[in-house]
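Enquirer: First the structure, which I've put down as structure tokens, then a few questions once you've had a look.
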Amino acid sequence: MKEFDEVLPFILRLSLFEDFSRDNPDDVRILKVLYDNFTVKEFKKKDVIIKEGDYGDLFFILLNGCIRIYRKTPAGDKIALANLSADQGIFFGETALISKESRSATVEAATDCRVIAISSKKFHAICEKEPVLGYRVVMKIAGIMANTLRDCNSDKATLYEALFNEIEYGD
């Protein structure tokens, strides 16, 4: 794995850690503790990193490569949600840090890729000693979840309206 000083600017670009500052020695120290608990994982193209429905407690940061995220419909068909690359500042599996729920989507390596990962157990242990980390990250995750819920509700309203119009005005 690259040295902490090389990875720090990358970590600070991630929205999950944007409230931390390279100029604040406490922030840098906290992120170094987090970094020291990450493990490097490598995946080959088409490897499944996270499988929808499985239990998982790892949070991932994409260091290089590209991933594909998809879900299955009730009929079992794949619906592509996103194709993302490391230069976009991508992390995934963040809800595993705060919940023991099953994975909501499948993440597949679209190219060979490298990630750094941390288990929720290690993350919680760090947060016991560094509550600022836990507070800031959980607030960011809550914001992400609030935006997702808002988008989902908007999508549901749009679908309901389209269905209603089809029933009312359809041939």
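Chain identifiers are assigned as A, B, and so on, following the order in which chains appear in the structure tokens; residues are numbered from 1 within each chain, and ligands are numbered from 1 in order of appearance.
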Leaving out Ser21 in chain A and any residue of its chain fewer than 4 positions from it, which residues lie within 10 Å of it when counting only C-alpha atoms, given as a PyMOL selection string?

Expert: chain A and resi 8-9+12+17+25-28+31

Enquirer: When DSSP works through the backbone of this structure, what residues of range 2-168 of chain A end up as strand (DSSP E or B), shown as an NGL selection string?

Expert: :A and (39-43 or 48-50 or 55 or 58-64 or 66-72 or 78-85 or 91-92 or 102 or 106-109 or 113-119)

Enquirer: With N, CA and C atoms retained, export the selected residues as a compact mmCIF listing (two decimals), in the first residue's frame.

Expert:
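Saved file result_19.txt follows:
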```
# COMPACT_ATOMS: atom_id res chain seq x y z
N THR A 39 -7.12 -2.46 5.01
CA THR A 39 -6.40 -3.53 4.33
C THR A 39 -6.58 -3.32 2.83
N VAL A 40 -5.58 -3.72 2.06
CA VAL A 40 -5.64 -3.60 0.61
C VAL A 40 -6.24 -4.88 0.04
N LYS A 41 -7.15 -4.71 -0.90
CA LYS A 41 -7.74 -5.86 -1.59
C LYS A 41 -7.66 -5.58 -3.09
N GLU A 42 -7.35 -6.62 -3.84
CA GLU A 42 -7.29 -6.49 -5.30
C GLU A 42 -8.33 -7.40 -5.92
N PHE A 43 -8.99 -6.88 -6.95
CA PHE A 43 -10.02 -7.63 -7.65
C PHE A 43 -9.73 -7.62 -9.14
N VAL A 48 -16.90 -10.14 -8.20
CA VAL A 48 -17.94 -9.49 -7.40
C VAL A 48 -17.30 -9.06 -6.08
N ILE A 49 -17.39 -7.79 -5.79
CA ILE A 49 -16.83 -7.22 -4.56
C ILE A 49 -17.87 -7.27 -3.46
N ILE A 50 -19.08 -6.88 -3.78
CA ILE A 50 -20.22 -6.94 -2.87
C ILE A 50 -21.36 -7.59 -3.64
N TYR A 55 -24.75 -10.50 3.59
CA TYR A 55 -24.32 -9.70 4.73
C TYR A 55 -22.86 -9.33 4.50
N LEU A 58 -17.78 -4.79 5.48
CA LEU A 58 -16.63 -4.03 4.99
C LEU A 58 -17.08 -2.76 4.27
N PHE A 59 -16.34 -1.70 4.52
CA PHE A 59 -16.46 -0.42 3.84
C PHE A 59 -15.26 -0.32 2.91
N PHE A 60 -15.47 0.14 1.67
CA PHE A 60 -14.42 0.16 0.66
C PHE A 60 -14.18 1.56 0.11
N ILE A 61 -12.92 1.84 -0.21
CA ILE A 61 -12.54 3.02 -0.97
C ILE A 61 -11.82 2.51 -2.21
N LEU A 62 -12.28 2.94 -3.37
CA LEU A 62 -11.70 2.52 -4.64
C LEU A 62 -10.44 3.34 -4.91
N LEU A 63 -9.28 2.68 -4.90
CA LEU A 63 -8.01 3.36 -5.15
C LEU A 63 -7.70 3.50 -6.63
N ASN A 64 -7.94 2.42 -7.39
CA ASN A 64 -7.78 2.50 -8.84
C ASN A 64 -8.66 1.46 -9.51
N CYS A 66 -12.15 0.58 -12.11
CA CYS A 66 -13.56 0.96 -12.30
C CYS A 66 -14.46 -0.14 -11.75
N ILE A 67 -15.62 0.28 -11.27
CA ILE A 67 -16.62 -0.66 -10.75
C ILE A 67 -17.94 -0.44 -11.45
N ARG A 68 -18.78 -1.47 -11.38
CA ARG A 68 -20.14 -1.42 -11.92
C ARG A 68 -21.07 -1.78 -10.76
N ILE A 69 -22.11 -0.98 -10.59
CA ILE A 69 -23.08 -1.24 -9.52
C ILE A 69 -24.42 -1.58 -10.17
N TYR A 70 -25.04 -2.66 -9.71
CA TYR A 70 -26.34 -3.02 -10.24
C TYR A 70 -27.18 -3.70 -9.17
N ARG A 71 -28.48 -3.74 -9.44
CA ARG A 71 -29.45 -4.42 -8.58
C ARG A 71 -30.24 -5.38 -9.44
N LYS A 72 -30.95 -6.27 -8.79
CA LYS A 72 -31.84 -7.17 -9.52
C LYS A 72 -33.28 -6.75 -9.29
N LYS A 78 -31.06 -7.84 -14.21
CA LYS A 78 -30.11 -6.84 -13.70
C LYS A 78 -30.50 -5.44 -14.19
N ILE A 79 -30.41 -4.50 -13.27
CA ILE A 79 -30.61 -3.08 -13.61
C ILE A 79 -29.30 -2.37 -13.25
N ALA A 80 -28.65 -1.81 -14.26
CA ALA A 80 -27.41 -1.08 -14.03
C ALA A 80 -27.72 0.23 -13.30
N LEU A 81 -26.99 0.48 -12.23
CA LEU A 81 -27.18 1.72 -11.48
C LEU A 81 -26.09 2.73 -11.77
N ALA A 82 -24.85 2.24 -11.92
CA ALA A 82 -23.74 3.17 -12.15
C ALA A 82 -22.50 2.44 -12.61
N ASN A 83 -21.69 3.14 -13.38
CA ASN A 83 -20.33 2.73 -13.72
C ASN A 83 -19.44 3.85 -13.19
N LEU A 84 -18.52 3.51 -12.31
CA LEU A 84 -17.73 4.53 -11.61
C LEU A 84 -16.25 4.19 -11.67
N SER A 85 -15.42 5.24 -11.64
CA SER A 85 -13.97 5.03 -11.66
C SER A 85 -13.32 5.70 -10.45
N PHE A 91 -16.33 5.61 -2.91
CA PHE A 91 -16.35 4.68 -1.78
C PHE A 91 -17.70 3.98 -1.81
N PHE A 92 -17.77 2.81 -1.23
CA PHE A 92 -19.02 2.07 -1.23
C PHE A 92 -19.04 1.10 -0.05
N SER A 102 -28.42 -6.43 5.07
CA SER A 102 -27.82 -7.05 3.88
C SER A 102 -27.50 -5.97 2.84
N THR A 106 -25.22 -5.00 -5.94
CA THR A 106 -24.00 -5.74 -6.26
C THR A 106 -22.99 -4.76 -6.82
N VAL A 107 -21.75 -4.89 -6.38
CA VAL A 107 -20.65 -4.10 -6.91
C VAL A 107 -19.68 -5.08 -7.55
N GLU A 108 -19.41 -4.86 -8.82
CA GLU A 108 -18.55 -5.75 -9.59
C GLU A 108 -17.38 -4.95 -10.15
N ALA A 109 -16.21 -5.56 -10.20
CA ALA A 109 -15.04 -4.92 -10.80
C ALA A 109 -15.25 -4.86 -12.31
N CYS A 113 -9.04 -3.84 -10.25
CA CYS A 113 -9.04 -2.69 -9.36
C CYS A 113 -8.47 -3.02 -7.99
N ARG A 114 -8.08 -1.97 -7.32
CA ARG A 114 -7.56 -2.04 -5.95
C ARG A 114 -8.42 -1.19 -5.06
N VAL A 115 -8.72 -1.72 -3.89
CA VAL A 115 -9.48 -0.99 -2.89
C VAL A 115 -8.75 -1.07 -1.56
N ILE A 116 -9.10 -0.16 -0.69
CA ILE A 116 -8.74 -0.32 0.72
C ILE A 116 -10.05 -0.51 1.45
N ALA A 117 -10.02 -1.35 2.46
CA ALA A 117 -11.25 -1.72 3.16
C ALA A 117 -11.02 -1.74 4.66
N ILE A 118 -12.10 -1.51 5.38
CA ILE A 118 -12.07 -1.61 6.84
C ILE A 118 -13.39 -2.24 7.30
N SER A 119 -13.30 -3.08 8.30
CA SER A 119 -14.51 -3.71 8.84
C SER A 119 -15.22 -2.74 9.78
```

Enquirer: Quote the spacing between CA of Ala142 in chain A and CA of Tyr160 in chain A in Å to one decimal place.

Expert: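 CA of Tyr160 in chain A lies at a distance of 26.5 Å from CA of Ala142 in chain A.
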
Enquirer: Which polymer residues have any atom within 7 Å of an atom of Arg103 in chain A, counting only C-alpha atoms, with same-chain residues fewer than 4 positions away left out, as a list in words?

Expert: Lys51, Glu52, Gly53, Asp54, Tyr55 and Gly56 of chain A

Enquirer: From the list A:Gln88, A:Glu6, A:Asp23, A:Ala110, which residue is nearest Lys46 in chain A when using only C-alpha atoms?

Expert: A:Ala110

Enquirer: For Asp19 in chain A, which residue out of A:Asn153, A:Asp47, A:Lys140, A:Glu128 is the nearest one, using only C-alpha atoms?

Expert: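 Between A:Asn153, A:Asp47, A:Lys140, A:Glu128, the residue approaching Asp19 in chain A most closely is A:Lys140.
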
Enquirer: What is the CA of Tyr35 in chain A to CA of Gly89 in chain A distance in Å?

Expert: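 Distance between the two atoms: 16.0 Å.
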